[in-house]
Amino acid sequence: MSVRTITIRVNGIARTEDAWHHTTLAEHLRTALGLTGTHVGCGTGDCGACVVLLDGEPVCSCLVLAVQADGRDVGTVEGVAGGGDLARVQRALVEEHGLQCGFCTPGLVVRMAHAAGSGGSDADVPAGHLCRCTGYDGIRAALRGISGGSGGGR
């Protein structure tokens with residue numbers, strides 16, 4: 001096994017750490033960088049709990065190796081809200097009862113913020129996310145509530 005020093009720009013801040021070649025981006029974010037907002041559910045890219053933005057596009061971080069993110073930009077759920085306030089997508093999920101246990105929420109929030117900022121539709125978000133607690137009506141209502149505004153879901 002070999003280790004490589006990588007630098008990833010996470011939520012606008014360059015972070016340099018060692019990473020094993022087999023370490024996933026999700027694991028690297030959680031363990032090496034201490035960003036535990038990204039959850040790992042299935043480990044196969046099916047549940048969406050681990051979604052982050054890689055160079056501005058949503059990806060399942062359980063399917064990306066940390067070394068593949070070297071020199072790239074990563075956006076996590078920690079970067080969605082600024083200044084300690086909830087982001088618009090987070091407030092909308094609360095108001096529309098789109099949350100319950102919260103396990104899938106970080107990936108969902110990242111994908112919703114991306115969809116709102118890129119003009120995506122509410123159909124874009126639940127695809128790729130498994131929520132076993134709520135159903136999707138509240139999630140879709142929350143996205144409809146934010147999709148008319150600007151600001152990338154903030």
# chains A, B, ... in the order shown; residues from 1 in each chain; ligands from 1
>>> residues_around(residues="Arg4 in chain A", least_positions_apart="4", cutoff="7 Å", atoms="only C-alpha atoms", output="PyMOL selection string")
chain A and resi 18-20
>>> select_by_dssp(residues="chain A", states="alpha helix (DSSP H)", output="MDAnalysis selection string")
chainID A and resid 25:27 88:95 105:118 137:147
>>> write_last_selection(atoms="N, CA and C atoms", output="JSON list (two decimals), in the first residue's frame")
[["chain", "number", "residue", "atom", "x", "y", "z"],
["A", 25, "LEU", "N", -12.99, 9.32, -1.22],
["A", 25, "LEU", "CA", -13.10, 10.73, -0.89],
["A", 25, "LEU", "C", -13.97, 10.92, 0.35],
["A", 26, "ALA", "N", -15.05, 10.15, 0.47],
["A", 26, "ALA", "CA", -15.92, 10.26, 1.65],
["A", 26, "ALA", "C", -15.14, 9.96, 2.92],
["A", 27, "GLU", "N", -14.38, 8.90, 2.91],
["A", 27, "GLU", "CA", -13.59, 8.53, 4.09],
["A", 27, "GLU", "C", -12.52, 9.59, 4.38],
["A", 88, "ARG", "N", -31.01, 28.29, 2.50],
["A", 88, "ARG", "CA", -32.41, 28.23, 2.05],
["A", 88, "ARG", "C", -32.88, 26.80, 1.87],
["A", 89, "VAL", "N", -32.03, 25.93, 1.30],
["A", 89, "VAL", "CA", -32.47, 24.55, 1.10],
["A", 89, "VAL", "C", -32.72, 23.85, 2.43],
["A", 90, "GLN", "N", -31.91, 24.13, 3.41],
["A", 90, "GLN", "CA", -32.10, 23.52, 4.73],
["A", 90, "GLN", "C", -33.38, 24.03, 5.38],
["A", 91, "ARG", "N", -33.61, 25.34, 5.32],
["A", 91, "ARG", "CA", -34.85, 25.90, 5.88],
["A", 91, "ARG", "C", -36.07, 25.34, 5.17],
["A", 92, "ALA", "N", -35.99, 25.23, 3.84],
["A", 92, "ALA", "CA", -37.12, 24.71, 3.07],
["A", 92, "ALA", "C", -37.43, 23.26, 3.44],
["A", 93, "LEU", "N", -36.40, 22.45, 3.64],
["A", 93, "LEU", "CA", -36.62, 21.07, 4.05],
["A", 93, "LEU", "C", -37.32, 20.99, 5.41],
["A", 94, "VAL", "N", -36.94, 21.85, 6.32],
["A", 94, "VAL", "CA", -37.57, 21.88, 7.64],
["A", 94, "VAL", "C", -39.03, 22.32, 7.50],
["A", 95, "GLU", "N", -39.25, 23.41, 6.77],
["A", 95, "GLU", "CA", -40.60, 23.96, 6.63],
["A", 95, "GLU", "C", -41.55, 23.03, 5.90],
["A", 105, "THR", "N", -29.77, 13.35, 4.66],
["A", 105, "THR", "CA", -29.91, 14.79, 4.50],
["A", 105, "THR", "C", -28.67, 15.50, 3.94],
["A", 106, "PRO", "N", -27.45, 15.22, 4.40],
["A", 106, "PRO", "CA", -26.30, 15.97, 3.86],
["A", 106, "PRO", "C", -26.17, 15.87, 2.34],
["A", 107, "GLY", "N", -26.26, 14.68, 1.80],
["A", 107, "GLY", "CA", -26.17, 14.52, 0.35],
["A", 107, "GLY", "C", -27.33, 15.18, -0.36],
["A", 108, "LEU", "N", -28.51, 15.07, 0.24],
["A", 108, "LEU", "CA", -29.70, 15.69, -0.33],
["A", 108, "LEU", "C", -29.57, 17.20, -0.36],
["A", 109, "VAL", "N", -29.08, 17.80, 0.71],
["A", 109, "VAL", "CA", -28.90, 19.25, 0.78],
["A", 109, "VAL", "C", -27.90, 19.70, -0.28],
["A", 110, "VAL", "N", -26.80, 18.98, -0.43],
["A", 110, "VAL", "CA", -25.80, 19.35, -1.44],
["A", 110, "VAL", "C", -26.41, 19.28, -2.84],
["A", 111, "ARG", "N", -27.13, 18.21, -3.12],
["A", 111, "ARG", "CA", -27.74, 18.07, -4.45],
["A", 111, "ARG", "C", -28.84, 19.12, -4.67],
["A", 112, "MET", "N", -29.62, 19.42, -3.64],
["A", 112, "MET", "CA", -30.67, 20.45, -3.77],
["A", 112, "MET", "C", -30.07, 21.82, -4.02],
["A", 113, "ALA", "N", -29.01, 22.16, -3.29],
["A", 113, "ALA", "CA", -28.36, 23.45, -3.49],
["A", 113, "ALA", "C", -27.82, 23.55, -4.91],
["A", 114, "HIS", "N", -27.25, 22.46, -5.40],
["A", 114, "HIS", "CA", -26.74, 22.45, -6.78],
["A", 114, "HIS", "C", -27.88, 22.60, -7.77],
["A", 115, "ALA", "N", -28.98, 21.86, -7.59],
["A", 115, "ALA", "CA", -30.11, 21.95, -8.51],
["A", 115, "ALA", "C", -30.72, 23.34, -8.51],
["A", 116, "ALA", "N", -30.85, 23.94, -7.32],
["A", 116, "ALA", "CA", -31.42, 25.29, -7.23],
["A", 116, "ALA", "C", -30.53, 26.30, -7.92],
["A", 117, "GLY", "N", -29.23, 26.14, -7.78],
["A", 117, "GLY", "CA", -28.28, 27.08, -8.39],
["A", 117, "GLY", "C", -28.12, 26.90, -9.88],
["A", 118, "SER", "N", -28.46, 25.69, -10.37],
["A", 118, "SER", "CA", -28.26, 25.43, -11.80],
["A", 118, "SER", "C", -29.57, 25.36, -12.57],
["A", 137, "ASP", "N", -42.52, 13.71, -1.10],
["A", 137, "ASP", "CA", -43.37, 14.88, -1.31],
["A", 137, "ASP", "C", -42.81, 16.12, -0.64],
["A", 138, "GLY", "N", -42.38, 16.01, 0.60],
["A", 138, "GLY", "CA", -41.81, 17.16, 1.31],
["A", 138, "GLY", "C", -40.51, 17.62, 0.68],
["A", 139, "ILE", "N", -39.72, 16.69, 0.20],
["A", 139, "ILE", "CA", -38.45, 17.02, -0.45],
["A", 139, "ILE", "C", -38.72, 17.79, -1.74],
["A", 140, "ARG", "N", -39.67, 17.31, -2.54],
["A", 140, "ARG", "CA", -40.02, 17.99, -3.79],
["A", 140, "ARG", "C", -40.62, 19.37, -3.52],
["A", 141, "ALA", "N", -41.46, 19.46, -2.50],
["A", 141, "ALA", "CA", -42.06, 20.77, -2.15],
["A", 141, "ALA", "C", -40.98, 21.76, -1.73],
["A", 142, "ALA", "N", -40.00, 21.28, -0.98],
["A", 142, "ALA", "CA", -38.91, 22.16, -0.55],
["A", 142, "ALA", "C", -38.12, 22.66, -1.75],
["A", 143, "LEU", "N", -37.84, 21.79, -2.70],
["A", 143, "LEU", "CA", -37.09, 22.22, -3.88],
["A", 143, "LEU", "C", -37.90, 23.19, -4.72],
["A", 144, "ARG", "N", -39.19, 22.94, -4.86],
["A", 144, "ARG", "CA", -40.03, 23.89, -5.62],
["A", 144, "ARG", "C", -40.02, 25.26, -4.95],
["A", 145, "GLY", "N", -39.96, 25.27, -3.63],
["A", 145, "GLY", "CA", -39.96, 26.52, -2.89],
["A", 145, "GLY", "C", -38.69, 27.33, -3.06],
["A", 146, "ILE", "N", -37.58, 26.68, -3.36],
["A", 146, "ILE", "CA", -36.32, 27.41, -3.52],
["A", 146, "ILE", "C", -35.90, 27.59, -4.96],
["A", 147, "SER", "N", -36.47, 26.82, -5.87],
["A", 147, "SER", "CA", -35.96, 26.82, -7.25],
["A", 147, "SER", "C", -36.25, 28.12, -7.98]]
>>> select_by_dssp(residues="range 41-148 of chain A", states="strand (DSSP E)", output="count of residues only")
11
>>> closest_residue(among="A:Phe103, A:Cys131, A:Val40, A:Val74", to="Gly56 in chain A", atoms="only C-alpha atoms")
A:Val74
>>> closest_residue(among="A:Tyr136, A:Glu96, A:Thr44, A:His129", to="Pro58 in chain A", atoms="only C-alpha atoms")
A:His129
>>> atom_distance(atom1="CA of Gly34 in chain A", atom2="CA of Gln100 in chain A")
24.4 Å
>>> atom_distance(atom1="CA of His97 in chain A", atom2="CA of Val51 in chain A")
20.9 Å
